[in-house]
$ cat input.csv   # CSV, N, CA and C atoms
chain,number,residue,atom,x,y,z
A,1,MET,N,-72.4,-186.3,-151.7
A,1,MET,CA,-72.0,-187.7,-151.6
A,1,MET,C,-71.8,-188.2,-153.0
A,2,ARG,N,-70.8,-189.0,-153.1
A,2,ARG,CA,-70.4,-189.6,-154.4
A,2,ARG,C,-71.1,-191.0,-154.6
A,3,LYS,N,-71.7,-191.2,-155.7
A,3,LYS,CA,-72.4,-192.5,-156.0
A,3,LYS,C,-71.3,-193.5,-156.3
A,4,ILE,N,-71.5,-194.7,-155.7
A,4,ILE,CA,-70.7,-195.9,-156.0
A,4,ILE,C,-71.3,-196.7,-157.1
A,5,HIS,N,-70.6,-197.0,-158.2
A,5,HIS,CA,-71.2,-197.8,-159.3
A,5,HIS,C,-70.8,-199.3,-159.2
A,6,ARG,N,-69.6,-199.5,-158.7
A,6,ARG,CA,-69.1,-200.9,-158.6
A,6,ARG,C,-68.4,-201.0,-157.2
A,7,LEU,N,-68.6,-202.2,-156.6
A,7,LEU,CA,-68.1,-202.5,-155.3
A,7,LEU,C,-67.4,-203.8,-155.3
A,8,VAL,N,-66.2,-203.8,-154.7
A,8,VAL,CA,-65.4,-205.1,-154.6
A,8,VAL,C,-65.2,-205.3,-153.1
A,9,LEU,N,-65.6,-206.5,-152.6
A,9,LEU,CA,-65.4,-206.8,-151.2
A,9,LEU,C,-64.5,-208.1,-151.1
A,10,LEU,N,-63.4,-207.9,-150.4
A,10,LEU,CA,-62.5,-209.0,-150.2
A,10,LEU,C,-62.7,-209.6,-148.8
A,11,ALA,N,-63.1,-210.9,-148.7
A,11,ALA,CA,-63.3,-211.6,-147.5
A,11,ALA,C,-64.1,-210.7,-146.5
A,12,PRO,N,-65.3,-210.3,-146.9
A,12,PRO,CA,-66.0,-209.3,-146.0
A,12,PRO,C,-66.5,-209.9,-144.7
A,13,ALA,N,-66.1,-209.2,-143.6
A,13,ALA,CA,-66.6,-209.6,-142.3
A,13,ALA,C,-67.8,-208.9,-141.9
A,14,TYR,N,-68.9,-209.3,-142.4
A,14,TYR,CA,-70.2,-208.6,-142.1
A,14,TYR,C,-70.7,-208.9,-140.7
A,15,ARG,N,-70.9,-210.2,-140.5
A,15,ARG,CA,-71.4,-210.6,-139.2
A,15,ARG,C,-70.6,-211.8,-138.6
A,16,TYR,N,-70.0,-212.5,-139.4
A,16,TYR,CA,-69.4,-213.8,-139.0
A,16,TYR,C,-67.9,-213.8,-139.0
A,17,MET,N,-67.3,-213.6,-137.9
A,17,MET,CA,-65.8,-213.7,-137.8
A,17,MET,C,-65.5,-214.8,-136.8
A,18,ASN,N,-64.3,-215.4,-136.9
A,18,ASN,CA,-64.0,-216.5,-136.1
A,18,ASN,C,-62.6,-216.2,-135.5
A,19,LEU,N,-62.6,-215.4,-134.4
A,19,LEU,CA,-61.3,-215.1,-133.8
A,19,LEU,C,-60.6,-216.2,-133.1
A,20,LYS,N,-61.4,-217.2,-132.7
A,20,LYS,CA,-60.8,-218.4,-132.1
A,20,LYS,C,-59.9,-219.1,-133.1
A,21,ASN,N,-60.3,-219.2,-134.3
A,21,ASN,CA,-59.5,-219.9,-135.3
A,21,ASN,C,-58.3,-219.1,-135.6
A,22,TYR,N,-58.3,-217.7,-135.5
A,22,TYR,CA,-57.1,-216.9,-135.7
A,22,TYR,C,-56.1,-217.3,-134.7
A,23,HIS,N,-56.4,-217.5,-133.5
A,23,HIS,CA,-55.4,-217.9,-132.5
A,23,HIS,C,-54.8,-219.2,-132.8
A,24,ARG,N,-55.7,-220.2,-133.2
A,24,ARG,CA,-55.2,-221.5,-133.5
A,24,ARG,C,-54.3,-221.6,-134.7
A,25,HIS,N,-54.6,-220.9,-135.8
A,25,HIS,CA,-53.8,-220.9,-137.0
A,25,HIS,C,-52.5,-220.1,-136.8
A,26,GLU,N,-52.5,-219.1,-136.0
A,26,GLU,CA,-51.4,-218.2,-135.9
A,26,GLU,C,-50.1,-218.9,-135.5
A,27,THR,N,-50.3,-220.0,-134.7
A,27,THR,CA,-49.1,-220.7,-134.2
A,27,THR,C,-48.6,-221.8,-135.2
A,28,THR,N,-49.3,-222.1,-136.2
A,28,THR,CA,-48.8,-223.1,-137.2
A,28,THR,C,-47.6,-222.6,-138.0
A,29,GLU,N,-46.8,-223.5,-138.4
A,29,GLU,CA,-45.6,-223.1,-139.2
A,29,GLU,C,-46.0,-222.5,-140.5
A,30,LYS,N,-47.0,-223.0,-141.1
A,30,LYS,CA,-47.5,-222.6,-142.4
A,30,LYS,C,-47.9,-221.1,-142.3
A,31,GLN,N,-48.5,-220.7,-141.2
A,31,GLN,CA,-49.0,-219.3,-141.1
A,31,GLN,C,-48.0,-218.4,-140.3
A,32,PHE,N,-46.8,-218.7,-140.3
A,32,PHE,CA,-45.8,-218.0,-139.5
A,32,PHE,C,-45.8,-216.5,-139.8
A,33,ARG,N,-46.0,-216.2,-141.1
A,33,ARG,CA,-45.9,-214.8,-141.5
A,33,ARG,C,-47.1,-213.9,-140.9
A,34,LEU,N,-48.1,-214.6,-140.5
A,34,LEU,CA,-49.2,-213.9,-139.9
A,34,LEU,C,-48.8,-213.0,-138.7
A,35,LYS,N,-47.8,-213.6,-137.9
A,35,LYS,CA,-47.4,-212.8,-136.8
A,35,LYS,C,-46.8,-211.5,-137.2
A,36,GLN,N,-46.2,-211.4,-138.4
A,36,GLN,CA,-45.6,-210.2,-138.8
A,36,GLN,C,-46.7,-209.3,-139.3
A,37,ILE,N,-47.8,-209.8,-139.9
A,37,ILE,CA,-48.8,-209.0,-140.5
A,37,ILE,C,-49.7,-208.5,-139.4
A,38,MET,N,-50.1,-209.3,-138.4
A,38,MET,CA,-51.0,-208.9,-137.4
A,38,MET,C,-50.6,-209.5,-136.0
A,39,PRO,N,-49.6,-209.0,-135.4
A,39,PRO,CA,-49.2,-209.5,-134.1
A,39,PRO,C,-50.3,-209.4,-133.0
A,40,LYS,N,-50.2,-210.1,-131.9
A,40,LYS,CA,-51.2,-210.1,-130.9
A,40,LYS,C,-51.5,-208.7,-130.3
A,41,LYS,N,-50.5,-207.9,-130.3
A,41,LYS,CA,-50.7,-206.5,-129.7
A,41,LYS,C,-51.7,-205.7,-130.6
A,42,ASN,N,-52.0,-206.1,-131.8
A,42,ASN,CA,-52.9,-205.4,-132.6
A,42,ASN,C,-54.4,-206.0,-132.5
A,43,TYR,N,-54.6,-206.9,-131.6
A,43,TYR,CA,-56.0,-207.4,-131.5
A,43,TYR,C,-56.9,-206.3,-131.1
A,44,PHE,N,-56.5,-205.3,-130.4
A,44,PHE,CA,-57.3,-204.2,-130.1
A,44,PHE,C,-58.0,-203.6,-131.3
A,45,HIS,N,-57.2,-203.5,-132.4
A,45,HIS,CA,-57.7,-203.0,-133.7
A,45,HIS,C,-58.8,-203.9,-134.3
A,46,VAL,N,-58.6,-205.2,-134.1
A,46,VAL,CA,-59.5,-206.2,-134.6
A,46,VAL,C,-60.9,-206.0,-133.9
A,47,PHE,N,-60.8,-205.9,-132.6
A,47,PHE,CA,-62.0,-205.8,-131.8
A,47,PHE,C,-62.7,-204.4,-132.1
A,48,ARG,N,-61.9,-203.4,-132.3
A,48,ARG,CA,-62.5,-202.1,-132.7
A,48,ARG,C,-63.2,-202.2,-134.0
A,49,PHE,N,-62.6,-203.0,-135.0
A,49,PHE,CA,-63.2,-203.2,-136.3
A,49,PHE,C,-64.5,-204.0,-136.1
A,50,VAL,N,-64.5,-205.0,-135.2
A,50,VAL,CA,-65.7,-205.8,-135.0
A,50,VAL,C,-66.8,-204.8,-134.4
A,51,GLY,N,-66.5,-203.9,-133.6
A,51,GLY,CA,-67.4,-202.9,-133.1
A,51,GLY,C,-68.0,-202.1,-134.2
A,52,ILE,N,-67.2,-201.6,-135.1
A,52,ILE,CA,-67.7,-200.8,-136.2
A,52,ILE,C,-68.6,-201.6,-137.1
A,53,VAL,N,-68.3,-202.9,-137.3
A,53,VAL,CA,-69.1,-203.8,-138.1
A,53,VAL,C,-70.5,-204.0,-137.4
A,54,SER,N,-70.4,-204.2,-136.1
A,54,SER,CA,-71.7,-204.3,-135.3
A,54,SER,C,-72.6,-203.1,-135.4
A,55,ASN,N,-72.0,-201.9,-135.4
A,55,ASN,CA,-72.8,-200.7,-135.5
A,55,ASN,C,-73.4,-200.6,-136.9
A,56,LEU,N,-72.6,-201.0,-137.9
A,56,LEU,CA,-73.2,-200.9,-139.3
A,56,LEU,C,-74.3,-201.9,-139.5
A,57,ASN,N,-74.2,-203.1,-138.8
A,57,ASN,CA,-75.2,-204.1,-139.0
A,57,ASN,C,-76.6,-203.6,-138.6
A,58,GLN,N,-76.7,-202.7,-137.7
A,58,GLN,CA,-78.0,-202.2,-137.3
A,58,GLN,C,-78.6,-201.3,-138.3
A,59,GLU,N,-77.8,-200.6,-139.2
A,59,GLU,CA,-78.4,-199.7,-140.1
A,59,GLU,C,-78.3,-200.1,-141.6
A,60,PHE,N,-77.5,-201.2,-141.8
A,60,PHE,CA,-77.2,-201.6,-143.2
A,60,PHE,C,-78.1,-202.7,-143.6
A,61,HIS,N,-78.8,-202.6,-144.7
A,61,HIS,CA,-79.8,-203.6,-145.1
A,61,HIS,C,-79.7,-204.0,-146.6
A,62,SER,N,-79.0,-203.2,-147.4
A,62,SER,CA,-78.9,-203.6,-148.8
A,62,SER,C,-77.7,-202.9,-149.5
A,63,ILE,N,-77.3,-203.5,-150.6
A,63,ILE,CA,-76.2,-203.0,-151.4
A,63,ILE,C,-76.7,-202.7,-152.8
A,64,GLU,N,-76.5,-201.5,-153.2
A,64,GLU,CA,-77.1,-201.1,-154.5
A,64,GLU,C,-76.2,-201.3,-155.7
A,65,PRO,N,-74.9,-201.0,-155.6
A,65,PRO,CA,-74.0,-201.0,-156.8
A,65,PRO,C,-73.7,-202.4,-157.3
A,66,GLU,N,-73.2,-202.5,-158.5
A,66,GLU,CA,-72.7,-203.8,-159.0
A,66,GLU,C,-71.6,-204.3,-158.0
A,67,THR,N,-71.7,-205.5,-157.7
A,67,THR,CA,-70.8,-206.0,-156.6
A,67,THR,C,-70.1,-207.3,-156.9
A,68,MET,N,-68.8,-207.4,-156.6
A,68,MET,CA,-68.1,-208.7,-156.7
A,68,MET,C,-67.5,-208.9,-155.3
A,69,ILE,N,-67.8,-210.1,-154.8
A,69,ILE,CA,-67.3,-210.6,-153.5
A,69,ILE,C,-66.3,-211.7,-153.7
A,70,LEU,N,-65.2,-211.6,-153.1
A,70,LEU,CA,-64.1,-212.6,-153.2
A,70,LEU,C,-63.8,-213.1,-151.8
A,71,TRP,N,-63.8,-214.4,-151.7
A,71,TRP,CA,-63.5,-215.1,-150.4
A,71,TRP,C,-62.6,-216.3,-150.7
A,72,GLY,N,-61.6,-216.4,-149.8
A,72,GLY,CA,-60.7,-217.5,-149.9
A,72,GLY,C,-61.2,-218.8,-149.2
A,73,LYS,N,-61.1,-219.9,-149.8
A,73,LYS,CA,-61.6,-221.1,-149.1
A,73,LYS,C,-60.8,-221.5,-147.9
A,74,ASP,N,-59.5,-220.9,-147.8
A,74,ASP,CA,-58.7,-221.2,-146.6
A,74,ASP,C,-58.8,-220.1,-145.6
A,75,ASP,N,-59.8,-219.2,-145.7
A,75,ASP,CA,-60.0,-218.1,-144.8
A,75,ASP,C,-60.6,-218.7,-143.5
A,76,TYR,N,-59.8,-218.6,-142.4
A,76,TYR,CA,-60.2,-219.2,-141.1
A,76,TYR,C,-60.7,-218.0,-140.2
A,77,LEU,N,-60.6,-216.8,-140.6
A,77,LEU,CA,-61.0,-215.7,-139.8
A,77,LEU,C,-62.5,-215.2,-140.1
A,78,VAL,N,-62.8,-215.1,-141.4
A,78,VAL,CA,-64.1,-214.7,-141.8
A,78,VAL,C,-64.8,-215.9,-142.4
A,79,LYS,N,-66.0,-216.2,-141.9
A,79,LYS,CA,-66.7,-217.4,-142.5
A,79,LYS,C,-67.3,-217.1,-143.8
A,80,GLU,N,-67.5,-218.1,-144.6
A,80,GLU,CA,-68.1,-218.0,-145.9
A,80,GLU,C,-69.5,-217.4,-145.9
A,81,LYS,N,-70.2,-217.7,-144.9
A,81,LYS,CA,-71.6,-217.2,-144.8
A,81,LYS,C,-71.7,-215.7,-144.6
A,82,SER,N,-70.6,-215.1,-144.2
A,82,SER,CA,-70.6,-213.6,-144.1
A,82,SER,C,-70.7,-213.0,-145.4
A,83,GLY,N,-69.8,-213.4,-146.4
A,83,GLY,CA,-69.9,-212.9,-147.7
A,83,GLY,C,-71.2,-213.3,-148.4
A,84,TYR,N,-71.6,-214.5,-148.2
A,84,TYR,CA,-72.9,-214.9,-148.8
A,84,TYR,C,-74.1,-214.1,-148.4
A,85,LEU,N,-74.1,-213.7,-147.1
A,85,LEU,CA,-75.1,-212.8,-146.6
A,85,LEU,C,-75.1,-211.5,-147.3
A,86,LEU,N,-73.9,-210.9,-147.5
A,86,LEU,CA,-73.8,-209.7,-148.3
A,86,LEU,C,-74.2,-209.9,-149.7
A,87,PHE,N,-73.9,-211.0,-150.3
A,87,PHE,CA,-74.3,-211.3,-151.7
A,87,PHE,C,-75.8,-211.3,-151.8
A,88,GLN,N,-76.5,-211.9,-150.8
A,88,GLN,CA,-78.0,-211.9,-150.8
A,88,GLN,C,-78.5,-210.5,-150.6
A,89,MET,N,-77.8,-209.6,-149.9
A,89,MET,CA,-78.2,-208.2,-149.7
A,89,MET,C,-78.0,-207.3,-150.9
A,90,THR,N,-77.3,-207.8,-151.9
A,90,THR,CA,-77.0,-207.0,-153.1
A,90,THR,C,-78.2,-207.0,-154.0
A,91,LYS,N,-78.8,-205.9,-154.2
A,91,LYS,CA,-80.0,-205.7,-155.0
A,91,LYS,C,-79.7,-205.6,-156.5
A,92,ASN,N,-78.5,-205.3,-156.9
A,92,ASN,CA,-78.2,-205.2,-158.3
A,92,ASN,C,-78.1,-206.5,-159.0
A,93,ASN,N,-78.5,-206.7,-160.2
A,93,ASN,CA,-78.5,-208.0,-160.9
A,93,ASN,C,-77.0,-208.3,-161.3
A,94,VAL,N,-76.1,-207.3,-161.4
A,94,VAL,CA,-74.7,-207.6,-161.7
A,94,VAL,C,-74.0,-207.8,-160.4
A,95,LYS,N,-73.8,-209.1,-160.0
A,95,LYS,CA,-73.2,-209.4,-158.8
A,95,LYS,C,-72.5,-210.8,-158.9
A,96,SER,N,-71.4,-211.0,-158.2
A,96,SER,CA,-70.8,-212.3,-158.2
A,96,SER,C,-70.2,-212.6,-156.9
A,97,TYR,N,-70.1,-213.9,-156.5
A,97,TYR,CA,-69.5,-214.4,-155.3
A,97,TYR,C,-68.5,-215.4,-155.7
A,98,ILE,N,-67.2,-215.1,-155.6
A,98,ILE,CA,-66.2,-216.0,-156.1
A,98,ILE,C,-65.4,-216.6,-154.9
A,99,LYS,N,-65.4,-217.9,-154.9
A,99,LYS,CA,-64.6,-218.6,-153.8
A,99,LYS,C,-63.3,-219.1,-154.4
A,100,LEU,N,-62.2,-218.7,-153.8
A,100,LEU,CA,-60.9,-219.0,-154.4
A,100,LEU,C,-60.1,-220.1,-153.6
A,101,ASP,N,-59.6,-221.1,-154.3
A,101,ASP,CA,-58.8,-222.1,-153.7
A,101,ASP,C,-57.5,-221.5,-153.2
A,102,HIS,N,-56.9,-222.0,-152.2
A,102,HIS,CA,-55.5,-221.6,-151.7
A,102,HIS,C,-55.4,-220.1,-151.3
A,103,HIS,N,-56.5,-219.5,-150.9
A,103,HIS,CA,-56.5,-218.1,-150.5
A,103,HIS,C,-57.0,-218.0,-149.1
A,104,ASN,N,-56.4,-217.2,-148.2
A,104,ASN,CA,-56.9,-217.0,-146.9
A,104,ASN,C,-57.2,-215.5,-146.7
A,105,HIS,N,-57.5,-215.1,-145.5
A,105,HIS,CA,-57.9,-213.8,-145.2
A,105,HIS,C,-56.7,-212.8,-145.4
A,106,PHE,N,-55.5,-213.2,-145.4
A,106,PHE,CA,-54.4,-212.3,-145.5
A,106,PHE,C,-53.8,-212.3,-146.9
A,107,ASN,N,-53.6,-213.5,-147.5
A,107,ASN,CA,-52.9,-213.6,-148.8
A,107,ASN,C,-53.8,-213.2,-150.0
A,108,ILE,N,-55.1,-213.1,-149.7
A,108,ILE,CA,-56.0,-212.7,-150.8
A,108,ILE,C,-55.7,-211.2,-151.3
A,109,VAL,N,-55.2,-210.4,-150.4
A,109,VAL,CA,-54.9,-209.0,-150.7
A,109,VAL,C,-53.7,-208.9,-151.7
A,110,HIS,N,-52.8,-209.9,-151.7
A,110,HIS,CA,-51.6,-209.8,-152.5
A,110,HIS,C,-51.6,-210.8,-153.7
A,111,SER,N,-52.7,-211.4,-153.9
A,111,SER,CA,-52.9,-212.4,-155.0
A,111,SER,C,-53.0,-211.8,-156.4
A,112,LYS,N,-52.2,-212.3,-157.3
A,112,LYS,CA,-52.3,-211.8,-158.7
A,112,LYS,C,-53.6,-212.2,-159.3
A,113,VAL,N,-54.1,-213.4,-158.9
A,113,VAL,CA,-55.4,-213.8,-159.4
A,113,VAL,C,-56.5,-212.8,-159.0
A,114,VAL,N,-56.5,-212.4,-157.8
A,114,VAL,CA,-57.5,-211.5,-157.3
A,114,VAL,C,-57.3,-210.1,-158.0
A,115,SER,N,-56.1,-209.7,-158.1
A,115,SER,CA,-55.8,-208.4,-158.8
A,115,SER,C,-56.4,-208.4,-160.2
A,116,SER,N,-56.2,-209.5,-160.9
A,116,SER,CA,-56.8,-209.7,-162.3
A,116,SER,C,-58.3,-209.7,-162.3
A,117,LEU,N,-58.9,-210.4,-161.3
A,117,LEU,CA,-60.4,-210.4,-161.2
A,117,LEU,C,-60.9,-209.1,-160.9
A,118,ILE,N,-60.3,-208.3,-160.0
A,118,ILE,CA,-60.8,-207.0,-159.7
A,118,ILE,C,-60.6,-206.1,-160.9
A,119,LYS,N,-59.5,-206.1,-161.6
A,119,LYS,CA,-59.3,-205.3,-162.7
A,119,LYS,C,-60.3,-205.6,-163.8
A,120,ASP,N,-60.6,-206.8,-164.1
A,120,ASP,CA,-61.6,-207.2,-165.1
A,120,ASP,C,-63.0,-206.7,-164.7
A,121,PHE,N,-63.3,-206.8,-163.5
A,121,PHE,CA,-64.6,-206.4,-163.0
A,121,PHE,C,-64.8,-204.9,-163.1
A,122,LEU,N,-63.7,-204.1,-162.7
A,122,LEU,CA,-63.8,-202.7,-162.7
A,122,LEU,C,-63.8,-202.0,-164.0
A,123,ILE,N,-63.1,-202.7,-165.0
A,123,ILE,CA,-63.1,-202.0,-166.3
A,123,ILE,C,-64.1,-202.6,-167.3
A,124,ALA,N,-64.9,-203.6,-166.9
A,124,ALA,CA,-65.9,-204.2,-167.7
A,124,ALA,C,-67.0,-203.2,-168.0
$ encode --input "input.csv" --output "structure tokens"
Amino acid sequence: MRKIHRLVLLAPAYRYMNLKNYHRHETTEKQFRLKQIMPKKNYFHVFRFVGIVSNLNQEFHSIEPETMILWGKDDYLVKEKSGYLLFQMTKNNVKSYIKLDHHNHFNIVHSKVVSSLIKDFLIA
């Protein structure tokens, strides 16, 4: 097994997901592109993911590597307390929890700001 020295988590869905809000936001004009990213027919994959997370919850109690958690303040799918719970589970003193304005669960992946933060964290 390979040891992990640094860990980056983007909008981590550890325990708290809000699928009802996904349905509500999906229909707004501002979030029109979400239908292209994750159409309704792919909900099966979301629920399968939730099942995997639930299984991990039973065995997962701490995080050892240096960790950076990034969460967008406009994330309506994963609640902030999900990332904060993982932050609390991080035993390493090198850890950060960064809340980003104007980022949601989907655009956080394509953000230049996020790319820069990750690069700085990984090469530090």
$ atom_distance --input "input.csv" --atom1 "CA of Ala13 (chain A)" --atom2 "CA of His103 (chain A)"
15.5 Å
$ closest_residue --input "input.csv" --among "A:Ile123, A:Ile108, A:Ile63, A:Ile69" --to "Asn92 (chain A)" --atoms "only C-alpha atoms"
A:Ile63
$ closest_residue --input "input.csv" --among "A:Asn104, A:Ser111, A:Asn93, A:Ser62" --to "Asp74 (chain A)" --atoms "only C-alpha atoms"
A:Asn104
$ residues_around --input "input.csv" --residues "Glu64 (chain A)" --least-positions-apart "3" --cutoff "8 Å" --atoms "all atoms listed in the file" --output "PyMOL selection string"
chain A and resi 4-7+61+67+89-93
$ residues_around --input "input.csv" --residues "Leu10 (chain A)" --least-positions-apart "2" --cutoff "6.5 Å" --atoms "all atoms listed in the file" --output "list in words"
Val8, Pro12, Ala13, Met68, Ile69, Leu70 and Trp71 of chain A
$ atom_distance --input "input.csv" --atom1 "CA of His105 (chain A)" --atom2 "CA of Tyr76 (chain A)"
7.2 Å
$ atom_distance --input "input.csv" --atom1 "CA of Ile118 (chain A)" --atom2 "CA of Ser82 (chain A)"
19.6 Å
$ closest_residue --input "input.csv" --among "A:Leu122, A:Leu100, A:Leu9, A:Val113" --to "Asp75 (chain A)" --atoms "only N, CA and C atoms"
A:Leu100
$ axis_aligned_box --input "input.csv" --around "region 101-111 of chain A" --padding-each-side "4 Å" --output "JSON"
{"center_x": -55.6, "center_y": -215.5, "center_z": -150.8, "size_x": 16.0, "size_y": 21.2, "size_z": 19.2}
$ closest_residue --input "input.csv" --among "A:Val78, A:Phe121, A:Gly83, A:Ser116" --to "Tyr97 (chain A)" --atoms "only N, CA and C atoms"
A:Gly83
